[in-house]
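Participant: Right, I'll just put the structure down here and ask away after.
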Amino acid sequence: MERCLVPSRPNWQARVEAEGMLWHTAGDVPYWSEGVVYRFTEAEIEAIHDATEACHQMALAAVGAIIAGGELPSYGYDAEAIRLIEHSWLTNERDIYGRIDFAYDGSGAPKMLEYNADTPTSLLEGAVVQWTWLTDTAGPGATNQYNDMHRALVERMRALKAERDAGLLGVRQRQAVLHVSCVFPHDEDTGTVAYIESVAREAGLEVSFVPIDQIGFSEAEGGTFVDQDDVPIRLLFKLYPWDWLLADDYGPRLVDAVLKNNIRLFEPAWKMLLANKLLMVKMRELYPDSPYLLDTRRGEEAFRAAGQAFVRKPALGREGQNVSVFRVGDASAAEQTEGNYGDNVFVYQAFASLFHDDDSGTYALIGSWVIGGEAQGMGIRESDHAITDDRSRFVPHQFA
């Protein structure tokens with residue numbers, strides 16, 4: 001694994017905008033990093049793939065153990081959330097996609113940092129933009145990229161369409177439109193949802209966009225959510241966290257509508273547990289000898305007693321907010337970020353070093369994608385700091 005400088009494509013901004021990536025620059029600072037590539041060996045790519053598959057299966061096993069053991073209240077869920085999680089898990093609701101973040105520098109085993117399982121972004125840049133960069137700069141077949149994401153997404157949407165047409169989704173209408181939703185306007189979220197919409201259309205689904213704040217409610221059929229044109233929403237892909245939905249005034253009505261099969265959401269409700277960083281405490285308990293799992297706990301005492309560096313992060317935090325890094329012997333954080341999740345329950349995890357490039361001083365994090373239950377590709381976020389946040393750059397990769 002190495003960081004390499006490469007020439008930028010002429011007029012690259014117009015190139016990525018044509019693919020739907022309008023958020024390629026924040027202020028005057030590029031988010032899409034055109035002049036850098038990370039290069040891997042095939043063996044390193046296989047190590048990331050194998051770690052992703054293993055961690056996904058261990059995460060699913062942990063979800064099953066928590067639900068079977070009646071442990072959901074200890075993970076912060078109230079009675080209504082528990083009803084949704086148990087219902088979606090016990091009825092085998094299938095998910096679409098998620099992203100596992102790893103610390104990896106090309107040596108040893110990749111170390112799982114967290115699972116972005118409910119509302120993962122960097123999808124368009126991972127599936128499309130970096131692939132086009134590869135074909136533009138290297139030429140078809142000249143080199144490889146660990147990226148089968150677009151094909152896998154289309155296949156998953158085709159399977160979703162087949163399930164819908166066969167009446168296996170439980171909703172009232174077999175030919176229901178797939179509604180897609182997010183906060184609007186918001187370039188990154190809208191661009192991600194627009195890509196999901198295009199993938200669904202390629203798979204043969206009928207799709208309609210509804211801004212999240214334009215979703216309404218009707219008392220018809222015992223409670224039905226509707227779009228801005230009062231069309232019932234039966235299937236909804238939402239780039240909006242489950243915990244935010246349930247905290248809304250309409251949260252109880254959503255619970256009822258889901259349990260009455262008036263609406264089906266993607267990602268399914270059990271994914272809110274998969275996205276909860278407390279899950280990694282359970283994973284570590286179940287698989288203490290896994291080379292991919294870091295020691296993760298609900299408190300810091302064991303790390304301090306052992307003189308070990310650790311990271312504190314909010315269980316439901318996002319975008320690297322409210323994360324603190326404690327080096328060996330530090331009473332206070334050596335590095336930390338501010339944010340909106342300071343009131344969360346915190347998770348404490350053994351510190352794992354990201355790839356660090358001495359020449360540039362940059363750090364790199366691996367985001368490995370799971371689509372339809374299988375590892376299908378990856379993206380890299382690069383930062384000038386040890387904590388990856390929403391200002392971290394997306395950098396393409398290739399392998400030989």
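In the structure tokens, each chain is lettered A, B, ... as it comes, each chain's residues begin at 1, and ligands are numbered from 1 in order of appearance.
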So which residues touch Ser74 in chain A within 12 Å, counting only C-alpha atoms, skipping near sequence neighbours fewer than 2 positions away, as a PyMOL selection string?
Facilitator: chain A and resi 66-67+69-72+76-79+82+273+276+278-279+281-282+298+345
Participant: Go ahead and dump the residues you just picked, N, CA and C atoms, as an mmCIF file, in the first residue's frame.
Facilitator:
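In the end it all went to result.cif:
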```cif
data_model
loop_
_atom_site.group_PDB
_atom_site.id
_atom_site.type_symbol
_atom_site.label_atom_id
_atom_site.label_comp_id
_atom_site.auth_asym_id
_atom_site.auth_seq_id
_atom_site.Cartn_x
_atom_site.Cartn_y
_atom_site.Cartn_z
ATOM 1 N N ILE A 66 -27.960 -10.494 20.313
ATOM 2 C CA ILE A 66 -28.571 -9.436 21.131
ATOM 3 C C ILE A 66 -30.083 -9.559 21.128
ATOM 4 N N ILE A 67 -30.659 -9.787 19.944
ATOM 5 C CA ILE A 67 -32.114 -9.905 19.847
ATOM 6 C C ILE A 67 -32.594 -11.160 20.574
ATOM 7 N N GLY A 69 -31.229 -12.732 22.968
ATOM 8 C CA GLY A 69 -31.000 -12.649 24.403
ATOM 9 C C GLY A 69 -31.805 -11.569 25.105
ATOM 10 N N GLY A 70 -32.668 -10.862 24.354
ATOM 11 C CA GLY A 70 -33.473 -9.808 24.971
ATOM 12 C C GLY A 70 -32.648 -8.640 25.482
ATOM 13 N N GLU A 71 -31.529 -8.359 24.821
ATOM 14 C CA GLU A 71 -30.588 -7.356 25.310
ATOM 15 C C GLU A 71 -30.784 -5.970 24.699
ATOM 16 N N LEU A 72 -31.762 -5.784 23.830
ATOM 17 C CA LEU A 72 -31.903 -4.515 23.118
ATOM 18 C C LEU A 72 -32.025 -3.300 24.039
ATOM 19 N N GLY A 76 -29.814 0.908 24.248
ATOM 20 C CA GLY A 76 -30.397 2.233 24.144
ATOM 21 C C GLY A 76 -31.727 2.316 23.438
ATOM 22 N N TYR A 77 -32.408 1.194 23.218
ATOM 23 C CA TYR A 77 -33.650 1.210 22.449
ATOM 24 C C TYR A 77 -34.867 1.123 23.356
ATOM 25 N N ASP A 78 -35.875 1.958 23.033
ATOM 26 C CA ASP A 78 -37.120 1.906 23.782
ATOM 27 C C ASP A 78 -38.039 0.845 23.185
ATOM 28 N N ALA A 79 -39.242 0.730 23.747
ATOM 29 C CA ALA A 79 -40.145 -0.360 23.362
ATOM 30 C C ALA A 79 -40.522 -0.288 21.879
ATOM 31 N N ILE A 82 -37.612 -1.337 19.675
ATOM 32 C CA ILE A 82 -37.417 -2.783 19.829
ATOM 33 C C ILE A 82 -38.426 -3.554 18.989
ATOM 34 N N LEU A 273 -29.296 -1.238 14.701
ATOM 35 C CA LEU A 273 -28.430 -1.904 15.664
ATOM 36 C C LEU A 273 -27.061 -2.169 15.058
ATOM 37 N N ASN A 276 -25.000 0.866 15.352
ATOM 38 C CA ASN A 276 -24.726 1.298 16.715
ATOM 39 C C ASN A 276 -23.338 0.797 17.118
ATOM 40 N N LEU A 278 -21.967 0.412 19.818
ATOM 41 C CA LEU A 278 -21.966 -0.526 20.936
ATOM 42 C C LEU A 278 -21.982 -1.971 20.467
ATOM 43 N N LEU A 279 -22.427 -2.196 19.228
ATOM 44 C CA LEU A 279 -22.447 -3.563 18.696
ATOM 45 C C LEU A 279 -21.058 -4.178 18.713
ATOM 46 N N VAL A 281 -18.851 -3.957 20.924
ATOM 47 C CA VAL A 281 -18.588 -4.561 22.236
ATOM 48 C C VAL A 281 -19.055 -6.012 22.224
ATOM 49 N N LYS A 282 -20.252 -6.244 21.698
ATOM 50 C CA LYS A 282 -20.791 -7.600 21.607
ATOM 51 C C LYS A 282 -19.975 -8.453 20.649
ATOM 52 N N ARG A 298 -17.465 -0.461 27.034
ATOM 53 C CA ARG A 298 -18.387 0.608 27.407
ATOM 54 C C ARG A 298 -17.737 1.628 28.341
ATOM 55 N N VAL A 345 -24.282 8.118 24.473
ATOM 56 C CA VAL A 345 -23.500 7.108 25.176
ATOM 57 C C VAL A 345 -22.210 6.907 24.367
#
```
Participant: Range 378-391 of chain A: which residues within 7 Å, counting only C-alpha atoms, same-chain residues fewer than 3 positions away excluded, as a ChimeraX atom specification?
Facilitator: /A:126,146-147,319-321,361-369,394-396
Participant: Using only C-alpha atoms, which of A:Val171, A:Arg318, A:Lys277, A:Asp289 sits nearest Tyr348 in chain A?
Facilitator: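 With only C-alpha atoms as the atom set, the closest residue is A:Lys277.
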Participant: Which one of A:Gln349, A:Glu188, A:Asp357, A:His56 sits closest to Ala302 in chain A if you count only C-alpha atoms?
Facilitator: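 That would be A:Gln349, the residue with the smallest distance to Ala302 in chain A.
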Participant: Any idea what's packed within 8 Å of Pro314 in chain A, counting only C-alpha atoms, ignoring anything in its chain fewer than 3 positions away? Could you give it as a VMD selection string?
Facilitator: chain A and resid 277 317 322 to 323 341 to 342 344 to 347
Participant: Print the selection's residues with C-alpha atoms to a file, as a PDB file, in the first residue's frame.
Facilitator:
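What ended up in out.pdb:
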```pdb
ATOM      1  CA  LYS A 277     -21.052   1.301  17.734  1.00  0.00           C
ATOM      2  CA  GLY A 317     -22.194   9.556  16.052  1.00  0.00           C
ATOM      3  CA  ASN A 322     -17.215  14.150  19.022  1.00  0.00           C
ATOM      4  CA  VAL A 323     -14.356  11.643  18.650  1.00  0.00           C
ATOM      5  CA  TYR A 341     -23.292  13.989  19.467  1.00  0.00           C
ATOM      6  CA  GLY A 342     -21.779  15.003  22.794  1.00  0.00           C
ATOM      7  CA  ASN A 344     -24.483  10.206  23.289  1.00  0.00           C
ATOM      8  CA  VAL A 345     -23.500   7.108  25.176  1.00  0.00           C
ATOM      9  CA  PHE A 346     -19.809   6.638  24.343  1.00  0.00           C
ATOM     10  CA  VAL A 347     -17.878   3.608  23.150  1.00  0.00           C
TER      11      VAL A 347
END
```
Participant: Could you write out, as a ChimeraX atom specification, all the residues of range 133-280 of chain A that DSSP marks as alpha helix (DSSP H)?
Facilitator: /A:133-138,149-165,187-202,242-247,251-259,271-274,279-280
Participant: Identify, on the basis of only C-alpha atoms, every residue whose closest approach to Gly377 in chain A does not exceed 12 Å; exclude the query and any residue fewer than 3 positions from it along the same chain; express the result as a short mmCIF file (atom, residue, chain, number, x, y, z; two decimals) with N, CA and C atoms, in the first residue's frame.
Facilitator:
```cif
data_model
loop_
_atom_site.label_atom_id
_atom_site.label_comp_id
_atom_site.auth_asym_id
_atom_site.auth_seq_id
_atom_site.Cartn_x
_atom_site.Cartn_y
_atom_site.Cartn_z
N ILE A 45 -5.51 -6.32 -1.36
CA ILE A 45 -6.94 -6.22 -1.68
C ILE A 45 -7.67 -7.45 -1.15
N GLU A 46 -7.09 -8.62 -1.32
CA GLU A 46 -7.72 -9.84 -0.80
C GLU A 46 -7.85 -9.78 0.71
N ILE A 48 -8.32 -7.09 2.55
CA ILE A 48 -9.43 -6.19 2.84
C ILE A 48 -10.76 -6.88 2.56
N HIS A 49 -10.84 -7.58 1.43
CA HIS A 49 -12.06 -8.31 1.08
C HIS A 49 -12.40 -9.35 2.14
N ASP A 50 -11.41 -10.13 2.55
CA ASP A 50 -11.66 -11.19 3.54
C ASP A 50 -12.06 -10.60 4.89
N THR A 52 -13.61 -7.80 5.37
CA THR A 52 -14.97 -7.27 5.23
C THR A 52 -16.00 -8.37 5.35
N GLU A 53 -15.78 -9.47 4.65
CA GLU A 53 -16.72 -10.58 4.71
C GLU A 53 -16.82 -11.12 6.14
N TYR A 97 -27.25 -2.12 1.42
CA TYR A 97 -25.81 -1.85 1.41
C TYR A 97 -25.34 -1.29 2.75
N GLY A 98 -24.03 -1.25 2.94
CA GLY A 98 -23.41 -0.67 4.11
C GLY A 98 -21.92 -0.56 3.89
N ARG A 99 -21.24 0.15 4.78
CA ARG A 99 -19.80 0.35 4.62
C ARG A 99 -19.10 0.12 5.95
N ILE A 100 -18.11 -0.76 5.93
CA ILE A 100 -17.29 -1.01 7.12
C ILE A 100 -15.98 -0.24 6.98
N LEU A 123 -20.96 6.93 -1.65
CA LEU A 123 -21.35 5.84 -2.53
C LEU A 123 -21.10 6.17 -4.00
N GLU A 125 -19.11 8.43 -5.35
CA GLU A 125 -17.69 8.57 -5.64
C GLU A 125 -16.99 7.21 -5.61
N GLY A 126 -17.47 6.30 -4.74
CA GLY A 126 -16.87 4.98 -4.67
C GLY A 126 -17.23 4.11 -5.85
N ALA A 127 -18.51 4.10 -6.24
CA ALA A 127 -18.98 3.19 -7.28
C ALA A 127 -18.70 3.70 -8.68
N VAL A 128 -18.77 5.02 -8.88
CA VAL A 128 -18.74 5.57 -10.24
C VAL A 128 -17.53 6.47 -10.49
N GLN A 130 -14.60 7.17 -9.00
CA GLN A 130 -13.23 6.65 -9.01
C GLN A 130 -13.01 5.62 -10.13
N TRP A 131 -14.09 4.93 -10.54
CA TRP A 131 -13.95 4.00 -11.64
C TRP A 131 -13.70 4.74 -12.96
N ASN A 144 -6.08 -2.42 -12.25
CA ASN A 144 -7.32 -2.89 -11.63
C ASN A 144 -7.76 -1.97 -10.51
N GLN A 145 -9.02 -2.11 -10.17
CA GLN A 145 -9.59 -1.40 -9.03
C GLN A 145 -10.54 -2.36 -8.31
N TYR A 146 -10.48 -2.38 -6.98
CA TYR A 146 -11.40 -3.22 -6.21
C TYR A 146 -12.74 -2.50 -6.18
N ASN A 147 -13.57 -2.77 -7.18
CA ASN A 147 -14.78 -1.98 -7.34
C ASN A 147 -15.76 -2.70 -8.25
N ASP A 148 -16.64 -3.47 -7.65
CA ASP A 148 -17.73 -4.11 -8.37
C ASP A 148 -19.06 -3.58 -7.84
N MET A 149 -19.02 -2.36 -7.35
CA MET A 149 -20.13 -1.82 -6.59
C MET A 149 -21.37 -1.54 -7.44
N HIS A 150 -21.17 -0.92 -8.60
CA HIS A 150 -22.34 -0.57 -9.42
C HIS A 150 -23.09 -1.83 -9.86
N ARG A 151 -22.36 -2.81 -10.36
CA ARG A 151 -23.02 -4.05 -10.79
C ARG A 151 -23.77 -4.69 -9.62
N ALA A 152 -23.15 -4.70 -8.44
CA ALA A 152 -23.78 -5.33 -7.28
C ALA A 152 -25.03 -4.58 -6.86
N LEU A 153 -25.01 -3.26 -6.94
CA LEU A 153 -26.19 -2.47 -6.59
C LEU A 153 -27.33 -2.72 -7.56
N ILE A 366 -9.74 3.08 5.15
CA ILE A 366 -10.38 2.22 4.16
C ILE A 366 -11.87 2.11 4.46
N GLY A 367 -12.70 2.42 3.48
CA GLY A 367 -14.14 2.20 3.58
C GLY A 367 -14.53 1.07 2.65
N SER A 368 -14.88 -0.09 3.21
CA SER A 368 -15.13 -1.29 2.41
C SER A 368 -16.63 -1.57 2.36
N TRP A 369 -17.16 -1.71 1.15
CA TRP A 369 -18.60 -1.76 0.94
C TRP A 369 -19.15 -3.18 0.92
N VAL A 370 -20.27 -3.35 1.62
CA VAL A 370 -21.03 -4.60 1.62
C VAL A 370 -22.34 -4.33 0.89
N ILE A 371 -22.60 -5.04 -0.19
CA ILE A 371 -23.82 -4.85 -0.99
C ILE A 371 -24.47 -6.21 -1.17
N GLU A 374 -22.49 -9.05 0.56
CA GLU A 374 -21.15 -9.46 0.14
C GLU A 374 -20.25 -8.25 -0.06
N ILE A 380 -11.36 5.25 -0.31
CA ILE A 380 -10.37 5.72 0.66
C ILE A 380 -10.64 7.17 1.00
N PRO A 396 -9.00 8.10 -5.07
CA PRO A 396 -9.16 6.83 -5.80
C PRO A 396 -8.02 5.86 -5.49
N HIS A 397 -8.24 4.59 -5.91
CA HIS A 397 -7.23 3.58 -5.66
C HIS A 397 -7.11 2.66 -6.89
N GLN A 398 -6.07 1.88 -6.90
CA GLN A 398 -5.88 0.84 -7.93
C GLN A 398 -4.97 -0.22 -7.36
#
```
Participant: Please provide as a PyMOL selection string all residues within 7 Å of Leu205 in chain A, with the sequence filter that same-chain residues fewer than 4 positions apart are discarded (counting only C-alpha atoms).
Facilitator: chain A and resi 161+178+200-201
Participant: Save out the residues we just selected, N, CA and C atoms, as a short mmCIF file (atom, residue, chain, number, x, y, z; two decimals), in the first residue's frame.
Facilitator:
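Produced file again_4.cif, reproduced below:
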```
data_model
loop_
_atom_site.label_atom_id
_atom_site.label_comp_id
_atom_site.auth_asym_id
_atom_site.auth_seq_id
_atom_site.Cartn_x
_atom_site.Cartn_y
_atom_site.Cartn_z
N LYS A 161 -36.84 -5.79 -6.94
CA LYS A 161 -37.98 -5.74 -7.85
C LYS A 161 -38.67 -7.10 -7.94
N LEU A 178 -40.83 2.73 -5.85
CA LEU A 178 -39.81 2.93 -4.83
C LEU A 178 -39.61 4.43 -4.64
N ALA A 200 -31.76 2.03 -9.35
CA ALA A 200 -33.07 1.37 -9.28
C ALA A 200 -33.76 1.39 -10.63
N ARG A 201 -33.67 2.50 -11.34
CA ARG A 201 -34.28 2.58 -12.67
C ARG A 201 -33.61 1.61 -13.65
#
```
Participant: Using only C-alpha atoms, which of A:Leu124, A:Ile96, A:Val231, A:Cys55 sits nearest Arg158 in chain A?
Facilitator: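 Checking each of A:Leu124, A:Ile96, A:Val231, A:Cys55 against Arg158 in chain A, counting only C-alpha atoms, the winner is A:Ile96.
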Participant: Using only C-alpha atoms, which residue out of A:Leu168, A:Val177, A:Leu84, A:Val129 lies closest to Tyr195 in chain A?
Facilitator: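 For Tyr195 in chain A, the nearest of the candidates is A:Val129.
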Participant: Out of range 46-209 of chain A, which residues get strand (DSSP E or B) from DSSP, as a list in words?
Facilitator: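 DSSP on the backbone gives strand (DSSP E or B) at Tyr97, Gly98, Arg99, Ile100, Asp101, Phe102, Ala103, Lys111, Met112, Leu113, Glu114, Tyr115, Asn116, Asn144, Asn147, Leu178, His179, Val180, Ser181, Val207, Ser208 and Phe209 of chain A.
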